$ cat run-v8.csv   # CSV, C-alpha atoms (C1' of nucleotides)
chain,number,residue,atom,x,y,z
Y,281,MET,CA,-14.1,-8.7,4.2
Y,282,SER,CA,-14.5,-5.9,1.7
Y,283,ILE,CA,-11.6,-3.4,1.8
Y,284,THR,CA,-8.6,-4.2,-0.3
Y,285,SER,CA,-5.3,-4.2,1.3
Y,286,ASP,CA,-3.7,-1.7,-1.0
Y,287,ILE,CA,-6.1,1.0,0.3
Y,288,LEU,CA,-5.4,0.2,3.9
Y,289,ARG,CA,-1.7,-0.2,3.2
Y,290,GLY,CA,0.4,2.1,5.2
Y,291,HIS,CA,-2.2,2.6,7.9
Y,292,THR,CA,-1.4,-0.6,9.8
Y,293,GLU,CA,1.0,1.0,12.2
Y,294,ALA,CA,-1.3,3.9,13.0
Y,295,ILE,CA,-4.2,1.5,13.6
Y,296,ILE,CA,-2.1,-0.6,16.0
Y,297,LEU,CA,-0.8,2.4,17.9
Y,298,SER,CA,-4.3,3.8,18.1
Y,299,HIS,CA,-5.6,0.6,19.5
Y,300,LEU,CA,-2.8,0.2,22.0
Y,301,LEU,CA,-3.3,3.8,23.2
Y,302,GLU,CA,-6.7,2.6,24.6
Y,303,GLN,CA,-5.0,-0.2,26.5
Y,304,ASP,CA,-2.1,-2.6,26.3
Y,305,SER,CA,-2.9,-5.7,24.3
Y,306,TYR,CA,-1.5,-8.7,22.5
Y,307,GLY,CA,-1.4,-9.9,18.9
Y,308,TYR,CA,-4.3,-12.4,18.9
Y,309,GLN,CA,-6.6,-10.0,20.8
Y,310,ILE,CA,-5.8,-7.0,18.6
Y,311,ASN,CA,-6.6,-9.1,15.5
Y,312,LYS,CA,-10.0,-10.0,16.9
Y,313,ASP,CA,-10.7,-6.4,18.2
Y,314,ILE,CA,-10.0,-4.8,14.8
Y,315,MET,CA,-12.4,-7.2,13.2
Y,316,LYS,CA,-15.0,-6.5,15.8
Y,317,LYS,CA,-14.6,-2.7,15.6
Y,318,THR,CA,-15.2,-2.8,11.9
Y,319,ASP,CA,-18.0,-5.3,11.9
Y,320,ASN,CA,-15.8,-7.8,10.0
Y,321,ARG,CA,-15.2,-5.4,7.1
Y,322,TYR,CA,-11.5,-5.4,7.8
Y,323,GLU,CA,-9.1,-7.9,9.2
Y,324,LEU,CA,-5.6,-7.0,10.1
Y,325,LYS,CA,-4.0,-10.3,9.1
Y,326,GLU,CA,-1.7,-12.0,11.5
Y,327,ALA,CA,1.4,-11.9,9.3
Y,328,THR,CA,0.8,-8.2,8.7
Y,329,LEU,CA,0.4,-7.6,12.3
Y,330,TYR,CA,3.6,-9.3,13.4
Y,331,SER,CA,5.7,-7.6,10.8
Y,332,ALA,CA,4.2,-4.3,11.9
Y,333,PHE,CA,5.0,-5.1,15.5
Y,334,LYS,CA,8.6,-5.6,14.5
Y,335,ARG,CA,8.8,-2.3,12.8
Y,336,LEU,CA,7.1,-0.5,15.6
Y,337,GLU,CA,9.4,-2.0,18.2
Y,338,GLN,CA,12.5,-1.2,16.1
Y,339,ALA,CA,11.4,2.3,15.8
Y,340,GLY,CA,10.9,2.5,19.5
Y,341,TYR,CA,7.2,3.2,19.3
Y,342,ILE,CA,6.2,0.2,21.3
Y,343,ARG,CA,7.7,-2.0,24.0
Y,344,THR,CA,6.7,-5.5,24.9
Y,345,TYR,CA,6.4,-7.7,27.9
Y,346,TRP,CA,5.1,-11.2,28.6
Y,347,GLY,CA,1.8,-11.6,30.5
Y,348,ASP,CA,1.7,-13.6,33.7
Y,349,GLU,CA,-0.9,-16.1,32.6
Y,350,THR,CA,-0.8,-19.2,34.7
Y,351,VAL,CA,-3.3,-21.0,32.5
Y,352,GLY,CA,-3.7,-20.9,28.7
Y,353,ALA,CA,-1.0,-19.9,26.2
Y,354,ARG,CA,1.4,-17.2,27.1
Y,355,ARG,CA,0.7,-13.7,25.8
Y,356,ARG,CA,3.1,-11.1,24.6
Y,357,TYR,CA,1.7,-7.7,25.4
Y,358,TYR,CA,2.5,-4.5,23.6
Y,359,ALA,CA,2.5,-1.0,25.1
Y,360,VAL,CA,3.0,2.4,23.4
Y,361,THR,CA,6.1,4.4,24.4
Y,362,GLU,CA,6.3,8.2,24.6
Y,363,ASN,CA,7.8,8.3,21.1
Y,364,GLY,CA,5.0,6.1,19.9
Y,365,ARG,CA,2.5,8.5,21.2
Y,366,LYS,CA,4.1,11.3,19.2
Y,367,ALA,CA,4.4,9.1,16.2
Y,368,TYR,CA,0.7,8.4,16.4
Y,369,GLN,CA,-0.1,12.1,16.4
Y,370,SER,CA,2.0,12.5,13.3
Y,371,TYR,CA,0.4,9.5,11.6
Y,372,LYS,CA,-2.9,11.0,12.4
Y,373,SER,CA,-2.3,14.4,10.9
Y,374,GLU,CA,-0.8,12.7,7.9
Y,375,TRP,CA,-4.0,10.8,7.5
Y,376,GLU,CA,-6.0,14.0,7.7
Y,377,GLU,CA,-4.0,15.5,5.0
Y,378,ALA,CA,-4.1,12.4,2.8
Y,379,LYS,CA,-7.8,12.3,3.2
Y,380,THR,CA,-8.1,15.9,2.0
Y,381,ILE,CA,-5.9,15.4,-0.9
Y,382,ILE,CA,-7.6,12.2,-2.1
Y,383,ASP,CA,-11.0,13.7,-1.6
Y,384,GLN,CA,-9.9,16.6,-3.7
Y,385,LEU,CA,-8.6,14.3,-6.5
Y,386,LEU,CA,-11.5,11.9,-6.6
Y,387,LYS,CA,-14.2,14.4,-7.4
Q,45,MET,CA,5.9,16.8,-1.1
Q,46,SER,CA,4.4,15.6,2.1
Q,47,ILE,CA,2.2,12.5,1.6
Q,48,THR,CA,3.9,9.2,1.8
Q,49,SER,CA,3.6,6.8,-1.1
Q,50,ASP,CA,2.2,4.0,1.1
Q,51,ILE,CA,-0.8,6.0,2.0
Q,52,LEU,CA,-1.5,7.0,-1.6
Q,53,ARG,CA,-0.7,3.5,-2.8
Q,54,GLY,CA,-3.7,1.9,-4.4
Q,55,HIS,CA,-5.3,5.2,-5.2
Q,56,THR,CA,-3.2,5.9,-8.3
Q,57,GLU,CA,-5.6,4.3,-10.7
Q,58,ALA,CA,-8.7,6.1,-9.3
Q,59,ILE,CA,-6.9,9.4,-9.3
Q,60,ILE,CA,-6.0,9.0,-13.0
Q,61,LEU,CA,-9.5,7.9,-14.0
Q,62,SER,CA,-11.0,10.8,-12.1
Q,63,HIS,CA,-8.8,13.2,-13.9
Q,64,LEU,CA,-9.4,11.7,-17.3
Q,65,LEU,CA,-13.2,11.8,-16.7
Q,66,GLU,CA,-12.9,15.6,-16.8
Q,67,GLN,CA,-11.1,15.4,-20.2
Q,68,ASP,CA,-8.8,13.3,-22.2
Q,69,SER,CA,-5.2,14.0,-21.3
Q,70,TYR,CA,-1.6,12.8,-21.6
Q,71,GLY,CA,1.1,11.7,-19.2
Q,72,TYR,CA,3.1,14.8,-18.9
Q,73,GLN,CA,0.1,17.0,-18.5
Q,74,ILE,CA,-1.6,14.7,-15.9
Q,75,ASN,CA,1.6,14.7,-13.8
Q,76,LYS,CA,1.6,18.5,-13.8
Q,77,ASP,CA,-2.1,18.8,-13.3
Q,78,ILE,CA,-2.1,16.6,-10.2
Q,79,MET,CA,0.6,18.7,-8.7
Q,80,LYS,CA,-1.3,21.8,-9.4
Q,81,LYS,CA,-4.5,20.5,-8.0
Q,82,THR,CA,-2.8,19.6,-4.8
Q,83,ASP,CA,-0.7,22.8,-4.5
Q,84,ASN,CA,2.4,20.6,-4.8
Q,85,ARG,CA,1.5,18.5,-1.9
Q,86,TYR,CA,1.4,15.4,-4.0
Q,87,GLU,CA,3.2,14.4,-7.1
Q,88,LEU,CA,2.2,11.4,-9.1
Q,89,LYS,CA,5.6,10.3,-10.2
Q,90,GLU,CA,6.1,9.5,-13.9
Q,91,ALA,CA,7.2,5.9,-13.4
Q,92,THR,CA,4.2,5.4,-11.2
Q,93,LEU,CA,2.0,7.0,-13.8
Q,94,TYR,CA,3.1,5.0,-16.7
Q,95,SER,CA,2.9,1.7,-14.9
Q,96,ALA,CA,-0.7,2.6,-13.9
Q,97,PHE,CA,-1.5,3.5,-17.5
Q,98,LYS,CA,-0.4,0.0,-18.5
Q,99,ARG,CA,-2.6,-1.6,-15.9
Q,100,LEU,CA,-5.6,0.5,-16.7
Q,101,GLU,CA,-5.2,-0.2,-20.4
Q,102,GLN,CA,-4.8,-3.9,-19.8
Q,103,ALA,CA,-8.0,-3.8,-17.7
Q,104,GLY,CA,-9.8,-2.1,-20.5
Q,105,TYR,CA,-10.5,1.0,-18.4
Q,106,ILE,CA,-8.7,3.4,-20.7
Q,107,ARG,CA,-7.9,3.5,-24.4
Q,108,THR,CA,-5.1,5.6,-26.0
Q,109,TYR,CA,-4.6,7.6,-29.2
Q,110,TRP,CA,-1.8,9.8,-30.5
Q,111,GLY,CA,-2.4,13.5,-30.7
Q,112,ASP,CA,-2.0,15.2,-34.0
Q,113,GLU,CA,0.5,17.8,-32.9
Q,114,THR,CA,2.4,19.2,-35.8
Q,115,VAL,CA,4.9,21.0,-33.5
Q,116,GLY,CA,6.5,19.9,-30.3
Q,117,ALA,CA,6.8,16.3,-29.1
Q,118,ARG,CA,4.1,13.8,-29.9
Q,119,ARG,CA,1.6,13.2,-27.1
Q,120,ARG,CA,-0.1,10.0,-26.3
Q,121,TYR,CA,-3.6,10.7,-25.1
Q,122,TYR,CA,-5.7,8.6,-22.8
Q,123,ALA,CA,-9.5,8.3,-22.6
Q,124,VAL,CA,-11.7,6.5,-20.1
Q,125,THR,CA,-13.8,3.7,-21.5
Q,126,GLU,CA,-17.3,2.7,-20.4
Q,127,ASN,CA,-15.8,0.0,-18.2
Q,128,GLY,CA,-13.4,2.5,-16.8
Q,129,ARG,CA,-16.3,4.7,-15.9
Q,130,LYS,CA,-17.9,1.9,-13.9
Q,131,ALA,CA,-14.5,1.0,-12.4
Q,132,TYR,CA,-14.2,4.5,-11.2
Q,133,GLN,CA,-17.5,4.4,-9.4
Q,134,SER,CA,-16.4,1.2,-7.8
Q,135,TYR,CA,-13.1,2.7,-6.7
Q,136,LYS,CA,-14.9,5.7,-5.4
Q,137,SER,CA,-17.2,3.8,-3.1
Q,138,GLU,CA,-14.3,1.7,-2.0
Q,139,TRP,CA,-12.6,4.9,-1.0
Q,140,GLU,CA,-15.7,6.1,0.9
Q,141,GLU,CA,-15.8,2.8,2.8
Q,142,ALA,CA,-12.1,2.8,3.5
Q,143,LYS,CA,-12.3,6.4,4.8
Q,144,THR,CA,-15.0,5.4,7.3
Q,145,ILE,CA,-13.1,2.4,8.5
Q,146,ILE,CA,-9.9,4.2,9.0
Q,147,ASP,CA,-11.5,7.1,10.7
Q,148,GLN,CA,-13.2,4.6,13.0
Q,149,LEU,CA,-9.9,2.9,13.8
Q,150,LEU,CA,-7.8,6.1,14.3
Q,151,LYS,CA,-9.8,7.6,17.1
E,7,DC,C1',25.0,26.8,-28.3
E,8,DA,C1',23.9,25.4,-23.7
E,9,DA,C1',20.3,24.9,-20.8
E,10,DT,C1',15.7,24.1,-19.8
E,11,DA,C1',11.1,22.5,-20.9
E,12,DT,C1',8.1,19.4,-23.1
E,13,DA,C1',7.1,14.7,-24.1
E,14,DC,C1',7.7,9.7,-24.2
E,15,DC,C1',9.4,5.2,-21.8
E,16,DT,C1',11.9,1.1,-19.1
E,17,DC,C1',14.6,-1.3,-15.5
E,18,DG,C1',15.3,-2.9,-11.1
E,19,DC,C1',15.1,-2.0,-6.2
E,20,DC,C1',12.4,-1.5,-2.1
E,21,DT,C1',8.7,-2.2,1.1
E,22,DG,C1',4.3,-3.7,3.0
E,23,DT,C1',0.8,-7.4,2.7
E,24,DC,C1',-0.4,-12.0,3.4
E,25,DA,C1',-1.0,-17.1,2.1
E,26,DA,C1',0.9,-20.9,3.9
E,27,DG,C1',3.2,-23.1,7.1
E,28,DG,C1',4.8,-24.2,11.9
E,29,DT,C1',4.6,-24.7,17.4
E,30,DA,C1',2.2,-25.3,22.0
E,31,DT,C1',-1.7,-25.3,25.3
E,32,DA,C1',-6.7,-25.4,26.6
E,33,DT,C1',-11.4,-26.4,25.8
E,34,DT,C1',-15.3,-28.4,23.5
E,35,DT,C1',-17.4,-31.9,20.7
E,36,DT,C1',-18.0,-36.5,19.2
P,44,DA,C1',-10.4,-40.9,25.1
P,45,DA,C1',-9.8,-39.0,20.6
P,46,DA,C1',-10.7,-35.4,17.4
P,47,DA,C1',-11.7,-30.9,16.5
P,48,DT,C1',-11.6,-26.2,17.5
P,49,DA,C1',-10.0,-22.1,19.9
P,50,DT,C1',-6.4,-19.5,21.9
P,51,DA,C1',-1.8,-17.9,21.4
P,52,DC,C1',2.8,-17.3,19.3
P,53,DC,C1',5.9,-16.8,15.0
P,54,DT,C1',8.5,-17.2,10.1
P,55,DT,C1',9.2,-17.7,5.2
P,56,DG,C1',8.8,-16.4,0.6
P,57,DA,C1',6.0,-14.7,-3.1
P,58,DC,C1',3.8,-10.7,-5.0
P,59,DA,C1',2.6,-6.1,-6.4
P,60,DG,C1',2.8,-1.1,-6.5
P,61,DG,C1',5.8,3.0,-6.1
P,62,DC,C1',9.6,5.2,-7.8
P,63,DG,C1',14.8,6.6,-8.4
P,64,DA,C1',17.6,6.5,-12.0
P,65,DG,C1',18.3,6.2,-16.4
P,66,DG,C1',17.3,6.7,-21.4
P,67,DT,C1',15.3,9.0,-26.1
P,68,DA,C1',13.7,13.0,-29.0
P,69,DT,C1',12.0,17.8,-30.1
P,70,DA,C1',11.3,22.8,-29.1
P,71,DT,C1',12.3,27.0,-26.8
P,72,DT,C1',14.8,30.3,-24.2
P,73,DG,C1',18.8,32.9,-22.5
$ encode --input "run-v8.csv" --output "C-alpha cells"
Amino acid sequence: MSITSDILRGHTEAIILSHLLEQDSYGYQINKDIMKKTDNRYELKEATLYSAFKRLEQAGYIRTYWGDETVGARRRYYAVTENGRKAYQSYKSEWEEAKTIIDQLLK
Amino acid sequence: MSITSDILRGHTEAIILSHLLEQDSYGYQINKDIMKKTDNRYELKEATLYSAFKRLEQAGYIRTYWGDETVGARRRYYAVTENGRKAYQSYKSEWEEAKTIIDQLLK
DNA sequence: CAATATACCTCGCCTGTCAAGGTATATTTT
DNA sequence: AAAATATACCTTGACAGGCGAGGTATATTG
C-alpha cells in the first residue's frame, strides 16, 4: 500500500461504478479486484466500500440483489442503474478536469 | 467553481508549496493567484489556506516573516524551507502515482 | 462617507475514510 | 476433531481536511 487515502478521497464512488460497469459484483470481490488491478498499491477498505455502497444506492446509482449461492456465504450483488451510468460519465469528466488543474498547479 | 473539494482534498499543501517555490508570497495573494492560474475553475478558500499554512509550518515545510509594508495592511509572507522542498518532491511523485492508479481504475 | 478592496484570522459543522469490532459459513491445516 | 484461515456480510465511532460564516484593521474609490 502506498497511496494515501486523502489523495484517493472522493474517487471511491467513481471507482466502484467503473468496476461495476464491467460486470455486476459484490463487496468482497470488488475489494479483491481493486487490489489486484493496482498490484496491491491501493486497497479500497471494506468500511469505505460499504459506506460508498450506501451513498450510491441512496443516490439511485446502483441497485442490489442477493446471489443464489447454494454453498458458501451469501453474496449481495450490485448493479449500475441508468442514472449511475450517467453519474459515472460525470465523475469521469470531473476527474479529467481535476487532473488538468492539479497538473497545472503542481509544476 | 467546478472542482469539488473532495477531489482536491489532500492536494492543498502540495499546491501551496508549488506556488511558494516560484516565489515567497502571502495568503491573500496566493488565493488570488490560484484562481487566476486556473481561470477561476478552482479557488483555494481562505479558511482552507490558513489551516494548511498551520500544518505546513508545524511540519517545518514553510517559515513565515512579516513584510515591511509602510502602506496598506501588513502581510505575512511564507517561504519554503529545505524540508519543504523535499516534501514537495514527495507530494509530486505521490500525485504521479495516484494519477496512474486512478486512470487505471476509471477506464 | 459608504462601499469595496486589501489583508489577516478563528470557530464549528460536515463529510469521507477506516480501524476495530461483530456475525456466519466453508475450507484447509495441524 | 479442533484450530486456523478464507469467504462473505455489516456497523460504530474517531479522525482529519475543507470551508461557510464570522470577525478585525487599513486603504482606496465612487
$ residues_near_point --input "run-v8.csv" --point "(3.1, -21.2, 19.1)" --cutoff "9 Å" --atoms "only C-alpha atoms (C1' of nucleotides)" --output "list in words"
Ala353 of chain Y; DG28, DT29, DA30 and DT31 of chain E; DA51, DC52 and DC53 of chain P
$ residues_around --input "run-v8.csv" --residues "P:DA70" --least-positions-apart "2" --cutoff "12 Å" --atoms "only C-alpha atoms (C1' of nucleotides)" --output "ChimeraX atom specification"
/Q:114-118 /E:10-13 /P:68,72
$ calpha_fit_and_write --input "run-v8.csv" --fixed "chain Q" --moving "chain Y" --output "mmCIF file with C-alpha atoms, keeping the file's coordinate frame"
data_model
loop_
_atom_site.group_PDB
_atom_site.id
_atom_site.type_symbol
_atom_site.label_atom_id
_atom_site.label_comp_id
_atom_site.auth_asym_id
_atom_site.auth_seq_id
_atom_site.Cartn_x
_atom_site.Cartn_y
_atom_site.Cartn_z
ATOM 1 C CA MET Y 281 5.887 17.085 -1.179
ATOM 2 C CA SER Y 282 4.454 15.852 2.088
ATOM 3 C CA ILE Y 283 2.290 12.719 1.668
ATOM 4 C CA THR Y 284 4.058 9.415 1.751
ATOM 5 C CA SER Y 285 3.497 7.067 -1.010
ATOM 6 C CA ASP Y 286 2.331 4.186 1.098
ATOM 7 C CA ILE Y 287 -0.765 6.214 2.118
ATOM 8 C CA LEU Y 288 -1.597 7.139 -1.424
ATOM 9 C CA ARG Y 289 -0.772 3.649 -2.639
ATOM 10 C CA GLY Y 290 -3.624 2.002 -4.328
ATOM 11 C CA HIS Y 291 -5.369 5.244 -5.189
ATOM 12 C CA THR Y 292 -3.297 5.982 -8.296
ATOM 13 C CA GLU Y 293 -5.683 4.378 -10.707
ATOM 14 C CA ALA Y 294 -8.735 6.080 -9.249
ATOM 15 C CA ILE Y 295 -6.969 9.456 -9.361
ATOM 16 C CA ILE Y 296 -6.047 8.967 -13.034
ATOM 17 C CA LEU Y 297 -9.518 7.839 -14.024
ATOM 18 C CA SER Y 298 -11.012 10.731 -12.113
ATOM 19 C CA HIS Y 299 -8.810 13.161 -13.885
ATOM 20 C CA LEU Y 300 -9.428 11.694 -17.308
ATOM 21 C CA LEU Y 301 -13.207 11.775 -16.707
ATOM 22 C CA GLU Y 302 -12.890 15.629 -16.797
ATOM 23 C CA GLN Y 303 -11.137 15.469 -20.150
ATOM 24 C CA ASP Y 304 -8.771 13.343 -22.173
ATOM 25 C CA SER Y 305 -5.145 14.008 -21.360
ATOM 26 C CA TYR Y 306 -1.603 12.755 -21.644
ATOM 27 C CA GLY Y 307 1.058 11.570 -19.209
ATOM 28 C CA TYR Y 308 3.178 14.741 -18.870
ATOM 29 C CA GLN Y 309 0.091 16.976 -18.496
ATOM 30 C CA ILE Y 310 -1.602 14.736 -15.928
ATOM 31 C CA ASN Y 311 1.609 14.754 -13.842
ATOM 32 C CA LYS Y 312 1.657 18.539 -13.819
ATOM 33 C CA ASP Y 313 -2.175 18.837 -13.212
ATOM 34 C CA ILE Y 314 -2.089 16.551 -10.150
ATOM 35 C CA MET Y 315 0.665 18.642 -8.692
ATOM 36 C CA LYS Y 316 -1.216 21.800 -9.396
ATOM 37 C CA LYS Y 317 -4.522 20.497 -7.978
ATOM 38 C CA THR Y 318 -2.834 19.650 -4.738
ATOM 39 C CA ASP Y 319 -0.710 22.731 -4.443
ATOM 40 C CA ASN Y 320 2.462 20.608 -4.811
ATOM 41 C CA ARG Y 321 1.606 18.419 -1.810
ATOM 42 C CA TYR Y 322 1.457 15.369 -4.015
ATOM 43 C CA GLU Y 323 3.189 14.323 -7.157
ATOM 44 C CA LEU Y 324 2.136 11.323 -9.097
ATOM 45 C CA LYS Y 325 5.606 10.264 -10.233
ATOM 46 C CA GLU Y 326 6.177 9.504 -13.844
ATOM 47 C CA ALA Y 327 7.185 5.867 -13.384
ATOM 48 C CA THR Y 328 4.102 5.330 -11.236
ATOM 49 C CA LEU Y 329 1.967 6.921 -13.764
ATOM 50 C CA TYR Y 330 3.147 4.860 -16.714
ATOM 51 C CA SER Y 331 2.852 1.601 -14.885
ATOM 52 C CA ALA Y 332 -0.657 2.609 -13.874
ATOM 53 C CA PHE Y 333 -1.484 3.444 -17.459
ATOM 54 C CA LYS Y 334 -0.443 -0.048 -18.424
ATOM 55 C CA ARG Y 335 -2.650 -1.629 -15.885
ATOM 56 C CA LEU Y 336 -5.567 0.548 -16.735
ATOM 57 C CA GLU Y 337 -5.263 -0.181 -20.433
ATOM 58 C CA GLN Y 338 -4.927 -3.940 -19.791
ATOM 59 C CA ALA Y 339 -7.984 -3.869 -17.742
ATOM 60 C CA GLY Y 340 -9.808 -2.060 -20.458
ATOM 61 C CA TYR Y 341 -10.507 1.020 -18.397
ATOM 62 C CA ILE Y 342 -8.735 3.363 -20.714
ATOM 63 C CA ARG Y 343 -7.881 3.549 -24.404
ATOM 64 C CA THR Y 344 -5.177 5.588 -26.014
ATOM 65 C CA TYR Y 345 -4.532 7.501 -29.153
ATOM 66 C CA TRP Y 346 -1.753 9.733 -30.468
ATOM 67 C CA GLY Y 347 -2.369 13.504 -30.707
ATOM 68 C CA ASP Y 348 -1.982 15.268 -34.022
ATOM 69 C CA GLU Y 349 0.633 17.751 -32.920
ATOM 70 C CA THR Y 350 2.498 19.170 -35.842
ATOM 71 C CA VAL Y 351 4.972 20.985 -33.625
ATOM 72 C CA GLY Y 352 6.533 19.875 -30.317
ATOM 73 C CA ALA Y 353 6.848 16.276 -29.098
ATOM 74 C CA ARG Y 354 4.132 13.850 -29.873
ATOM 75 C CA ARG Y 355 1.531 13.182 -27.187
ATOM 76 C CA ARG Y 356 -0.173 9.980 -26.290
ATOM 77 C CA TYR Y 357 -3.636 10.762 -25.041
ATOM 78 C CA TYR Y 358 -5.684 8.628 -22.723
ATOM 79 C CA ALA Y 359 -9.484 8.398 -22.625
ATOM 80 C CA VAL Y 360 -11.768 6.526 -20.181
ATOM 81 C CA THR Y 361 -13.869 3.671 -21.610
ATOM 82 C CA GLU Y 362 -17.359 2.699 -20.429
ATOM 83 C CA ASN Y 363 -15.849 0.001 -18.205
ATOM 84 C CA GLY Y 364 -13.468 2.556 -16.820
ATOM 85 C CA ARG Y 365 -16.300 4.742 -15.869
ATOM 86 C CA LYS Y 366 -17.867 1.907 -13.893
ATOM 87 C CA ALA Y 367 -14.563 1.000 -12.412
ATOM 88 C CA TYR Y 368 -14.181 4.552 -11.204
ATOM 89 C CA GLN Y 369 -17.536 4.423 -9.456
ATOM 90 C CA SER Y 370 -16.445 1.270 -7.709
ATOM 91 C CA TYR Y 371 -13.075 2.744 -6.749
ATOM 92 C CA LYS Y 372 -14.913 5.662 -5.377
ATOM 93 C CA SER Y 373 -17.281 3.776 -3.140
ATOM 94 C CA GLU Y 374 -14.375 1.680 -2.001
ATOM 95 C CA TRP Y 375 -12.631 4.830 -0.978
ATOM 96 C CA GLU Y 376 -15.677 5.966 0.949
ATOM 97 C CA GLU Y 377 -15.753 2.804 2.829
ATOM 98 C CA ALA Y 378 -12.009 2.765 3.496
ATOM 99 C CA LYS Y 379 -12.253 6.256 4.767
ATOM 100 C CA THR Y 380 -14.971 5.245 7.233
ATOM 101 C CA ILE Y 381 -13.155 2.285 8.434
ATOM 102 C CA ILE Y 382 -9.829 4.084 8.956
ATOM 103 C CA ASP Y 383 -11.541 6.978 10.616
ATOM 104 C CA GLN Y 384 -13.175 4.530 12.933
ATOM 105 C CA LEU Y 385 -9.827 2.826 13.771
ATOM 106 C CA LEU Y 386 -7.753 5.935 14.229
ATOM 107 C CA LYS Y 387 -9.761 7.479 17.015
#
$ closest_residue --input "run-v8.csv" --among "Y:Thr318, Y:Ser331, Y:Gln338, Y:Ser373" --to "E:DT21" --atoms "all atoms listed in the file"
Y:Ser331
$ residues_near_point --input "run-v8.csv" --point "(8.8, -9.7, 31.7)" --cutoff "12 Å" --atoms "all atoms listed in the file" --output "NGL selection string"
:Y and (343-349 or 354-358)
$ interface_residues --input "run-v8.csv" --of "chain P" --to "chain Y" --cutoff "12 Å" --atoms "all atoms listed in the file" --output "MDAnalysis selection string"
chainID P and resid 49:55 59:61
$ atom_distance --input "run-v8.csv" --atom1 "atom CA of Q:Asn75" --atom2 "atom CA of Q:Glu87"
6.9 Å
$ closest_residue --input "run-v8.csv" --among "E:DA26, E:DT35, E:DC15, E:DC7" --to "chain Y" --atoms "all atoms listed in the file"
E:DA26
$ interface_residues --input "run-v8.csv" --of "chain Y" --to "chain Q" --cutoff "12 Å" --atoms "only C-alpha atoms" --output "VMD selection string"
chain Y and resid 281 to 302 310 313 to 324 368 to 387
$ closest_atom_pairs --input "run-v8.csv" --of "stretch 320-346 of chain Y" --to "stretch 360-364 of chain Y" --cutoff "10 Å" --atoms "all atoms listed in the file" --output "JSON lines"
{"residue": "Y:Leu336", "atom": "CA", "partner": "Y:Gly364", "partner_atom": "CA", "distance": 8.2}
{"residue": "Y:Glu337", "atom": "CA", "partner": "Y:Val360", "partner_atom": "CA", "distance": 9.3}
{"residue": "Y:Ala339", "atom": "CA", "partner": "Y:Gly364", "partner_atom": "CA", "distance": 8.5}
{"residue": "Y:Gly340", "atom": "CA", "partner": "Y:Asn363", "partner_atom": "CA", "distance": 6.8}
{"residue": "Y:Tyr341", "atom": "CA", "partner": "Y:Gly364", "partner_atom": "CA", "distance": 3.7}
{"residue": "Y:Ile342", "atom": "CA", "partner": "Y:Val360", "partner_atom": "CA", "distance": 4.4}
{"residue": "Y:Arg343", "atom": "CA", "partner": "Y:Val360", "partner_atom": "CA", "distance": 6.5}
{"residue": "Y:Thr344", "atom": "CA", "partner": "Y:Val360", "partner_atom": "CA", "distance": 8.9}
$ closest_residue --input "run-v8.csv" --among "E:DT36, E:DA9, E:DG27, E:DC14" --to "chain Q" --atoms "only C-alpha atoms (C1' of nucleotides)"
E:DC14
$ atom_distance --input "run-v8.csv" --atom1 "atom C1' of E:DG18" --atom2 "atom C1' of P:DC58"
15.2 Å
$ atom_distance --input "run-v8.csv" --atom1 "atom C1' of P:DG56" --atom2 "atom CA of Q:Phe97"
28.8 Å
$ interface_residues --input "run-v8.csv" --of "chain E" --to "chain Y" --cutoff "10 Å" --atoms "only C-alpha atoms (C1' of nucleotides)" --output "number ranges by chain"
E: 22-25, 30-33
